[in-house]
Each structure stands twice: as C-alpha cells, then as structure tokens.
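Colleague: Questions regarding the structure given below will be posed in turn.
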Amino acid sequence: MSDPARSAFARLRELLDGVPAPAGAGPVQLHLGESRLARPATVTPPSPDTEGWTRYPQPGGPAALRAAYADWLERRFGVRAAGPGGVAFEPTPGTKQAVAVAIALAVARRRGGDAPVVVMPNPYYPTYRAAAEAAGARPAYYTLDDPGDVTPVEAAVRAAGGRAAAVVVCNPGNPRGEVLPARSLARLSRLAAAAGAWLLVDECYTDVWLGAAPPGYLPLVAGGAAEPVPHLVLHSLSKRSGAPGLRSGFVAGDAASVAAYAAYNRSCGVSAADPVAAVAAALWADDAHVDAARRALAANWALADELLRDLPGYRRAEAGFFLWLPVADGEEAARRAWREAAVSVMPGRYLAAEDPDGANPGTGFVRIALVHDVTVMREALTRLRAVWALTATA
C-alpha cells in the first residue's frame, strides 16, 4: 500500500539507500522535474538594495507583477484580467501552497455529515492527496486513459454521494503529459457545478508543450462555454521558466474564489519580497526564454524517440517533461537504473494510489524527466537503454 505520509522523493531515497552507483559514471538525476532546458536572460540576482528586503511585501503583489500577470493572460489565453467582468488573480508562494489552500477552502464548505470528498486524477501530483487528507477529506480517484472521455471523473463524483467538495484537474497532466481538449474541460465545469463542488485546474505545464498549445480553462469561462462554477486556475514559474527556487505563481478565476484565497493567504500565508516579485514580473513578461526551453525540450523528445522508441510501450507525451515508460516493475527498474547506470528515475507507483480493488495505475511504470541539456540527456538515455532493453514490457 502507498503511504501518503512519505513523499515520493523520500520513498525513492529509501529505495536507493545502500544501492551503489557504478564507479566512474557521473550520476544524472532524472527523477525530478527541475528544468535545465534554458536559462532566462531576464533572471538576474535580486537587487542587493536593502530597501526591498527590509519592508513588508505589498499585499496582492506590486503593480508591476500584477500587470505582468494580466499581460501574460491576455497574450497566452486572450482573456482580459482584472477590472469589472475580468478574470481575478492573486500571487501565490509557488503552487504547492496554493493547491493546499484551495483544497482546504473547498473542503471547509462541505463540513458536517460524512467526510467531504476531493476528486483527483490518478496518477497525480502528490500534494493533491496530501492536501485533501490534511483538510480532513477523503480522496477519490479517476484515471483518464482517453483525455476526450471524462466519464471516469463523472463516476468518481457519483461515487462521492453528494459529498464532492472539489474536482481537481491537471492539464497538461503530470506525470503522463496528456492534454484535455476544450470540450472535456467544459464538461467538467458542468459536472462540478451539478455536484456543488469547486473546480481546481492545475495548468502549471501549460507552456511546456510539444505540438500545439494546450487549451486553457479561462477562455472557456470568458466565452461562456464553461458553467459558472467556483473555480481556481493555478500557474507557476517553476515549470514555465524553470525557476522553482523563486516559489512564485498565481491563481486566477472567479472573483469570489480568488478573494477567498487572497483573504487566507494575506492573513496566514506568505507574500514574495519586492525584489523577488520584480524577477517574477520580468519572467512573466518574457516569452523568448520559454520558446527556447520548448525547442530544447523538443530536442530531448526527439532523442528519446531515437534511443527508446523500440522499447515496448514507449509513448511520446503531448506536453511536459516526463516520459511515462512501461516496465515490468517500476521499483526494480529504478534500482537497476541507479545500480547499473547511475541514473535516478521515479517509480510510477510512488505517484499514484491504489484503487478500491488494490490496483495501483503507476505500478508498471517509471517517470523519466527530460530536463537536462541534450548532451547530458543523450548520455543518460543511452545508459538507460542499455540497462532496460531486456526489462521493458508492453
């Protein structure tokens, strides 16, 4: 059984504890989605001027940061932000905190009676489950093997028996890189509205695409295609700009839901210092480094095609950094990758939960992050091919 009290990364450390890497092989970390694909020219060290560090940050962020959010939302999605009838938004200290707070706020509305339910994808971003359980809710899972068919979400909501507090969607998906079409997102809005649940749409990988830009949820709201349900959409510089150390993102959505998040975060959360906010504003204003990172990512996927495509079950993702590769046993494959190739990968079962029948949809997979420059990736994938050529399975 999986243990939500231990993170996937802690479990991987335990799995590899005492397993020696081969002598002479430089270790390569492919278990973590920490992008090294492009270095933004606009990233400079925050100002050494003490003024920005010795004053409390401005609630809601400085004007330049808010303007950068608004401009990016219009460039990327064609939606108008702020003002009457526009999309509301609020800075977040990364998106992990925003996910946890949004789930807690949704669950608080369902107090009384049986435990509230948070409906979430499986496999998933582990914070979804941890946040639901921390808020006293029961996770309920769905697996979308076909992003155009959301009946598994409907089944999970029905099984919640009227206790669904939130429906969580990750688009593009992590770890499998699937992209939900606009019609699926619109249908999910109607489903959440009928259930009286908040809709939480995690779009942190929305700029990490390979073929065509994924559809966003906010344009559906602006165009009237989505049901007017309480919703929060999450965005982050961690994946878009390869800058997880900034811990900078924002939520956008309907005015009431954003106001609820803002009230919580301004009272109980963390606001970025003005020098950090200035760097974040520059990143949201700059698309050139994102374009460069996508080109580097495309080169890595082409390399994966070249070296791994003949492994049974190999599938190129629609978006994101991660190759979700079928193997006979994810934990044993991860141990072999480290022991024989000095490459760390993530067992898929650490990123998923058992269903009511005890099956874990991540058991027969590993997640491989294609996040380094092409020279490092060629070396790492060549090593993995040599190790796994006889162990991968359809």
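Chain lettering (A, B, ...) mirrors the order of the structure tokens, residue numbering begins at 1 for each chain separately, and ligand numbering begins at 1 in order of display.
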Counting only C-alpha atoms, which residues in stretch 59-100 of chain A sit no more than 9 Å from stretch 185-209 of chain A? For each one, give the nearest pair of atoms and the distance in Å, sorted by chain then residue number, as JSON lines.

Modeller:
```
{"residue": "A:Arg76", "atom": "CA", "partner": "A:Asp207", "partner_atom": "CA", "distance": 8.8}
{"residue": "A:Thr95", "atom": "CA", "partner": "A:Cys204", "partner_atom": "CA", "distance": 8.2}
{"residue": "A:Val99", "atom": "CA", "partner": "A:Leu200", "partner_atom": "CA", "distance": 8.2}
```

Colleague: Could you list, with a cut-off of 7 Å and counting only C-alpha atoms, the residues of stretch 9-77 of chain A near stretch 327-351 of chain A, each shown with its nearest atom pair and the distance in Å rounded to one decimal, rows sorted by chain and ascending number, as a Markdown table?

Modeller:
```
| residue | atom | partner | partner_atom | distance |
| --- | --- | --- | --- | --- |
| A:Leu12 | CA | A:Met346 | CA | 6.9 |
| A:Leu16 | CA | A:Arg335 | CA | 6.3 |
| A:Val19 | CA | A:Arg339 | CA | 6.1 |
| A:Pro20 | CA | A:Arg339 | CA | 5.7 |
| A:Ala21 | CA | A:Arg339 | CA | 4.6 |
| A:Pro22 | CA | A:Glu340 | CA | 5.9 |
| A:Ala25 | CA | A:Ala342 | CA | 6.2 |
| A:Gly26 | CA | A:Ala342 | CA | 6.7 |
| A:Pro27 | CA | A:Ala342 | CA | 4.7 |
| A:Val28 | CA | A:Val343 | CA | 4.9 |
| A:Gln29 | CA | A:Ser344 | CA | 5.0 |
| A:Leu30 | CA | A:Val345 | CA | 5.2 |
| A:His31 | CA | A:Val345 | CA | 4.1 |
```

Colleague: Any chance you can output those residues with C-alpha atoms as a compact mmCIF listing (two decimals), in the first residue's frame?

Modeller:
```txt
# COMPACT_ATOMS: atom_id res chain seq x y z
CA LEU A 12 12.88 6.94 -3.69
CA LEU A 16 18.08 3.55 -3.35
CA VAL A 19 22.46 0.75 -3.62
CA PRO A 20 25.87 1.72 -5.04
CA ALA A 21 26.15 3.54 -8.36
CA PRO A 22 28.73 2.20 -10.83
CA ALA A 25 29.76 7.04 -14.11
CA GLY A 26 28.65 10.56 -13.25
CA PRO A 27 25.19 10.50 -11.64
CA VAL A 28 22.28 12.04 -13.55
CA GLN A 29 19.03 12.97 -11.82
CA LEU A 30 16.00 12.23 -14.00
CA HIS A 31 13.56 11.67 -11.13
```

Colleague: Quick one: residues within 8 Å of A:Ala299, only C-alpha atoms counted, chain neighbours fewer than 4 positions away excluded, as a ChimeraX atom specification?

Modeller: /A:295,303,374

Colleague: When distances are computed from only C-alpha atoms, which of A:Val79, A:Ala140, A:Ala68, A:Val371 shows the smallest separation from A:Tyr124?

Modeller: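 Result for the nearest residue to A:Tyr124: A:Ala140.
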
Colleague: So which bits of stretch 129-260 of chain A end up alpha helix (DSSP H) when you DSSP the backbone, as a PDB file with C-alpha atoms, in the first residue's frame?

Modeller:
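Written out: out_28.pdb:
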```pdb
ATOM      1  CA  ARG A 129      -3.741  13.810  -1.963  1.00  0.00           C
ATOM      2  CA  ALA A 130      -1.719  15.197   0.938  1.00  0.00           C
ATOM      3  CA  ALA A 131      -3.783  18.401   0.963  1.00  0.00           C
ATOM      4  CA  ALA A 132      -7.099  16.564   0.849  1.00  0.00           C
ATOM      5  CA  GLU A 133      -6.185  14.312   3.749  1.00  0.00           C
ATOM      6  CA  ALA A 134      -4.733  17.199   5.759  1.00  0.00           C
ATOM      7  CA  THR A 151     -16.729   9.529 -17.793  1.00  0.00           C
ATOM      8  CA  PRO A 152     -14.214   8.277 -15.164  1.00  0.00           C
ATOM      9  CA  VAL A 153     -14.452  11.704 -13.484  1.00  0.00           C
ATOM     10  CA  GLU A 154     -18.231  11.510 -13.574  1.00  0.00           C
ATOM     11  CA  ALA A 155     -18.108   8.062 -11.982  1.00  0.00           C
ATOM     12  CA  ALA A 156     -15.842   9.339  -9.197  1.00  0.00           C
ATOM     13  CA  VAL A 157     -18.156  12.266  -8.487  1.00  0.00           C
ATOM     14  CA  ARG A 158     -21.204   9.976  -8.409  1.00  0.00           C
ATOM     15  CA  ALA A 159     -19.403   7.661  -6.014  1.00  0.00           C
ATOM     16  CA  ALA A 182     -11.666  22.187 -24.513  1.00  0.00           C
ATOM     17  CA  ARG A 183     -14.844  20.116 -24.719  1.00  0.00           C
ATOM     18  CA  SER A 184     -13.645  17.924 -21.819  1.00  0.00           C
ATOM     19  CA  LEU A 185     -12.838  20.970 -19.696  1.00  0.00           C
ATOM     20  CA  ALA A 186     -16.274  22.441 -20.409  1.00  0.00           C
ATOM     21  CA  ARG A 187     -17.929  19.159 -19.467  1.00  0.00           C
ATOM     22  CA  LEU A 188     -16.001  19.035 -16.219  1.00  0.00           C
ATOM     23  CA  SER A 189     -17.240  22.518 -15.350  1.00  0.00           C
ATOM     24  CA  ARG A 190     -20.822  21.320 -15.756  1.00  0.00           C
ATOM     25  CA  LEU A 191     -20.051  18.249 -13.654  1.00  0.00           C
ATOM     26  CA  ALA A 192     -18.549  20.343 -10.833  1.00  0.00           C
ATOM     27  CA  ALA A 193     -21.474  22.765 -10.944  1.00  0.00           C
ATOM     28  CA  ALA A 194     -24.011  19.941 -10.690  1.00  0.00           C
ATOM     29  CA  ALA A 195     -22.109  18.497  -7.729  1.00  0.00           C
ATOM     30  CA  LEU A 218     -10.158  30.643 -18.517  1.00  0.00           C
ATOM     31  CA  PRO A 219     -11.034  31.268 -22.200  1.00  0.00           C
ATOM     32  CA  LEU A 220     -13.946  28.838 -21.830  1.00  0.00           C
ATOM     33  CA  VAL A 221     -15.236  30.887 -18.914  1.00  0.00           C
ATOM     34  CA  ALA A 222     -14.791  34.156 -20.802  1.00  0.00           C
ATOM     35  CA  LEU A 237       7.136  29.918 -12.884  1.00  0.00           C
ATOM     36  CA  SER A 238       8.562  26.612 -11.655  1.00  0.00           C
ATOM     37  CA  LYS A 239       7.806  24.820 -14.924  1.00  0.00           C
ATOM     38  CA  ARG A 240       7.200  27.704 -17.334  1.00  0.00           C
ATOM     39  CA  ALA A 255     -13.829  36.930  -8.157  1.00  0.00           C
ATOM     40  CA  ALA A 256     -15.309  35.174  -5.100  1.00  0.00           C
ATOM     41  CA  SER A 257     -12.969  32.183  -5.211  1.00  0.00           C
ATOM     42  CA  VAL A 258      -9.884  34.321  -5.762  1.00  0.00           C
ATOM     43  CA  ALA A 259     -10.978  36.640  -2.947  1.00  0.00           C
ATOM     44  CA  ALA A 260     -11.309  33.642  -0.612  1.00  0.00           C
TER      45      ALA A 260
END
```

Colleague: So, counting only C-alpha atoms, which residue among A:Glu227, A:Glu90, A:Asp310, A:Asp145 is closest to A:Tyr264?

Modeller: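 For A:Tyr264, the nearest of the candidates is A:Glu90.
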
Colleague: Could you please determine the separation between atom CA of A:Glu379 and atom CA of A:Leu307 in Å, to one decimal place?

Modeller: 10.5 Å

Colleague: I'd like the neighbourhood of A:Ala135 as a PyMOL selection string, where a residue qualifies if any of its atoms comes within 8 Å (using only C-alpha atoms), though same-chain residues fewer than 4 positions away should be ignored.

Modeller: chain A and resi 103-104+107-108+131

Colleague: From the set A:Ser35, A:Asn265, A:Thr54, A:Ser7, which residue has the shortest atom-to-atom contact distance to A:Gly94, counting only C-alpha atoms?

Modeller: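 Among A:Ser35, A:Asn265, A:Thr54, A:Ser7, it is A:Asn265 that comes nearest to A:Gly94.
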
Colleague: According to DSSP computed on the backbone, where in stretch 39-280 of chain A is there strand (DSSP E)? Give the residues as a PyMOL selection string.

Modeller: chain A and resi 88-92+117-121+138-142+164-170+198-202+231-236+249-253

Colleague: So which one's closest to A:Gln97, A:Ala115, A:Leu384, A:Ala298, A:Leu234? Using only C-alpha atoms, please.

Modeller: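 Among A:Ala115, A:Leu384, A:Ala298, A:Leu234, it is A:Leu234 that comes nearest to A:Gln97.
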
Colleague: Give the answer as one residue: which of A:Gly253, A:Gly112, A:Pro126, A:Pro230 has the shortest atom-to-atom distance to A:Pro139, using only C-alpha atoms?

Modeller: A:Pro126

Colleague: Using only C-alpha atoms, find the one residue out of A:Ala380, A:Ala67, A:Ala8, A:Ile368 that sits nearest to A:Tyr125.

Modeller: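 That would be A:Ala8, the residue with the smallest distance to A:Tyr125.
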
Colleague: Quick one: pull the distance between atom CA of A:Val119 and atom CA of A:Pro356, Å, one decimal.

Modeller: 14.2 Å
